[in-house]
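*Asks:* Before we start, here is the structure in question, set down as structure tokens.
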Amino acid sequence: MAKAPGFTLLYPGAFSSLVNSFSILLLLFRLRLYWKREIKITITPCMEVLSVSGLTGFHALCSRDAVLSSAENFILYLLLEMKAQGATARGRLPLNLGIVLDRSGSMYDEKRLDYVSEAIKYLVDQLGPNDRATVVAFADKAAVVATADELQRDKSKVKKAIDDIDLLEIGGGTQMALGMDAAIAEIEKNYSPNRLNRLLLLTDGQTYEERKCLDLARKHRERISCSTLGVGIEFNEKLLMEMAEASGANYHFINEPSTIPGIFSRELEGLRNVAMTNARIEVRLSAGLQVKEVFRASPQIYPIKDAIPDAERLVKIPLGDVESSTPSSALLVLVLPPRKPGRVRIGQAQLCYDTPEARDQREDAEAVVTYTLDRDAIGKANGYVMNLVDQVSVAKIQMQAEAAVASGNVDKATRLLGNAIAGTQRLGNTKATQALVSLQSEMKKTQSLSTRAAKTQLLTAQATLRKTQMLDPESVKDALRE
């Protein structure tokens with residue numbers, strides 16, 4: 001008699017998977033009837049593998065695949081880029097927000113406080129049952145307008161408190177650090193690594209204790225990110241930029257107060273789209289390499305000043321919260337030493353990040369170049385990498401122009417802006433070109449940045465050039481194939 005066929009059935013632990021297991025059992029029963037003999041079935045439990053938010057790709061791209069062995073101080077650009085997946089079936093990360101609002105006297109100008117109040121009330125209405133948010137107002141003092149528990153119990157009461165925010169007796173100055181301290185304390189009450197924990201900070205003026213504000217953003221950046229919104233032209237844009245950059249969050253310049261609700265709405269949409277938190281890149285470089293500069297290249301462009309190799313040649317680059325389907329990258333400007341011909345690994349990169357399903361996940365990528373004596377073997381530069389290099393260069397030139405005019409050298413600033421304009425025209429970035437042309441025209445007219453019109457044009461140009469001009473996805477595929 002022929003031996004009965006044997007089957008081993010693996011089933012996951014989740015109840016939903018038992019339906020599939022039952023279907024297989026039914027199939028085997030029908031086979032038993034067909035063969036008219038016993039079928040040996042071994043049922044073995046196995047661990048269920050959950051789908052997790054992760055990457056569609058983390059890769060290292062060099063501006064050139066080959067370099068001359070004899071070249072002294074060869075400049076190579078290394079792009080480390082990733083793109084996060086969308087939300088899983090478990091849904092988006094629940095929010096834990098601290099909304100920090102400047103209620104100094106100048107916020108009554110141009111109905112700024114009215115627009116902010118409407119924006120915050122809209123945000124309150126959009127929060128789900130698992131979200132948490134607190135509202136803090138500051139002037140000379142800080143006051144908690146509404147706690148997360150109060151918002152959970154009665155949204156209408158919280159919105160009434162927001163309407164009455166001008167009745168708070170907190171003075172008329174600007175002590176932003178006090179507001180940040182109060183909001184951070186409230187966020188910590190509901191802190192969870194499985195929440196998106198963020199400060200939303202809005203101000204329209206200069207603050208006391210600027211250093212303390214920046215230190216707070218840096219101190220808490222691994223637990224709480226900080227988006228900043230500057231209204232008008234009187235605030236310290238460098239401070240707000242650095243605070244946002246420190247935690248990988250967003251900086252917004254608000255020229256027209258009427259746009260405040262729309263910007264709050266876009267910030268909320270971005271928060272709902274975050275797929276991973278506390279993202280950072282660690283890259284270990286080979287011996288002999290020098291790091292000249294490090295930039296965040298997407299989705300915003302800015303220098304990362306504290307990305308300096310340690311004694312083990314390890315460079316740490318914070319990325320913060322990463323939205324799904326949006327490229328997030330860092331660009332390293334490296335100086336390569338001469339070497340013997342052959343393939344050389346110049347860096348080992350590791351992307352570290354947290355998702356709702358798991359903490360401290362890691363993805364690896366390597367950067368390799370070929371040293372050669374043949375000049376013809378060098379070939380052309382990687383077009384995708386060089387496009388981002390050009391965008392970073394234009395933003396850097398604009399910063400140099402700003403520094404030149406601040407030192408009184410308007411002619412130099414004008415020439416630099418001309419170079420930046422040529423760059424944006426070559427890139428086809430019409431919006432950035434218009435912003436730079438307007439800034440250059442105003443600078444020529446006023447010979448300074450002290451006028452309201454000149455400062456407005458400067459802030460507009462800064463905000464425009466910070467936003468990476470996203471490329472056709474096909475160009476990314478082409479770059480990876482090269």
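Starting from 1 in every chain, residues are counted up; chains themselves are A, B, ... following the order of the structure tokens, and ligands are numbered from 1 as listed.
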Residues of segment 379-452 of chain A that have any atom at most 6 Å from an atom of segment 61-69 of chain A: could you tabulate them with the shortest-distance atom pair and the distance in Å to one decimal, using only C-alpha atoms, ordered by chain and increasing number, as a Markdown table?
*Replies:*
| residue | atom | partner | partner_atom | distance |
| --- | --- | --- | --- | --- |
| A:Ala381 | CA | A:Arg64 | CA | 5.0 |
| A:Asn382 | CA | A:Ser63 | CA | 5.0 |
| A:Val385 | CA | A:Ser63 | CA | 5.7 |
*Asks:* Keeping only C-alpha atoms, write those residues as an mmCIF file, in the first residue's frame.
*Replies:*
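Below is the file part14.cif, written as the result:
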data_model
loop_
_atom_site.group_PDB
_atom_site.id
_atom_site.type_symbol
_atom_site.label_atom_id
_atom_site.label_comp_id
_atom_site.auth_asym_id
_atom_site.auth_seq_id
_atom_site.Cartn_x
_atom_site.Cartn_y
_atom_site.Cartn_z
ATOM 1 C CA ALA A 381 28.955 63.035 -12.956
ATOM 2 C CA ASN A 382 25.714 61.567 -11.577
ATOM 3 C CA VAL A 385 23.251 64.020 -7.254
#
*Asks:* Excluding Phe235 of chain A and any residue of its chain fewer than 3 positions from it, enumerate the residues within 6 Å of it, using only C-alpha atoms, and give them as a ChimeraX atom specification.
*Replies:* /A:204-206
*Asks:* What's the 6 Å shell around Ala307 of chain A, counting only C-alpha atoms, without same-chain residues fewer than 2 positions away, as an mmCIF file with N, CA and C atoms, in the first residue's frame?
*Replies:*
data_model
loop_
_atom_site.group_PDB
_atom_site.id
_atom_site.type_symbol
_atom_site.label_atom_id
_atom_site.label_comp_id
_atom_site.auth_asym_id
_atom_site.auth_seq_id
_atom_site.Cartn_x
_atom_site.Cartn_y
_atom_site.Cartn_z
ATOM 1 N N ILE A 304 24.270 71.556 8.185
ATOM 2 C CA ILE A 304 24.263 70.854 9.475
ATOM 3 C C ILE A 304 25.630 71.095 10.093
ATOM 4 N N LYS A 305 25.705 72.100 10.935
ATOM 5 C CA LYS A 305 26.995 72.592 11.413
ATOM 6 C C LYS A 305 27.685 71.669 12.404
ATOM 7 N N VAL A 315 30.184 60.088 11.596
ATOM 8 C CA VAL A 315 29.433 61.335 11.448
ATOM 9 C C VAL A 315 27.958 61.045 11.707
ATOM 10 N N LYS A 316 27.352 61.804 12.630
ATOM 11 C CA LYS A 316 25.939 61.607 12.969
ATOM 12 C C LYS A 316 25.123 62.774 12.421
ATOM 13 N N ILE A 317 24.060 62.441 11.663
ATOM 14 C CA ILE A 317 23.243 63.449 10.983
ATOM 15 C C ILE A 317 21.787 63.261 11.395
#
*Asks:* Considering only alpha helix (DSSP H) as DSSP defines it on the backbone, what residues of segment 42-187 of chain A qualify? List them as a VMD selection string.
*Replies:* chain A and resid 112 to 126 148 to 153 155 to 163 176 to 187
*Asks:* What is the atom CA of Tyr302 of chain A to atom CA of Asn194 of chain A distance in Å?
*Replies:*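 According to the coordinates, atom CA of Tyr302 of chain A and atom CA of Asn194 of chain A are separated by 28.4 Å.
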*Asks:* If we count only C-alpha atoms, what is near segment 403-407 of chain A at a cut-off of 9 Å, once residues fewer than 6 positions away on the same chain are taken out, given as a ChimeraX atom specification?
*Replies:* /A:413-414,416,443,447-449
*Asks:* Residues of the last selection are to be written out with C-alpha atoms, as a compact mmCIF listing (two decimals), in the first residue's frame.
*Replies:*
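Written file, part-v8.txt:
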# COMPACT_ATOMS: atom_id res chain seq x y z
CA ALA A 413 25.95 90.82 -2.30
CA THR A 414 24.41 91.93 -5.60
CA LEU A 416 26.39 86.87 -5.49
CA MET A 443 18.81 95.53 -2.34
CA GLN A 447 21.54 99.44 -0.37
CA SER A 448 20.60 97.51 2.79
CA LEU A 449 18.16 95.01 4.29
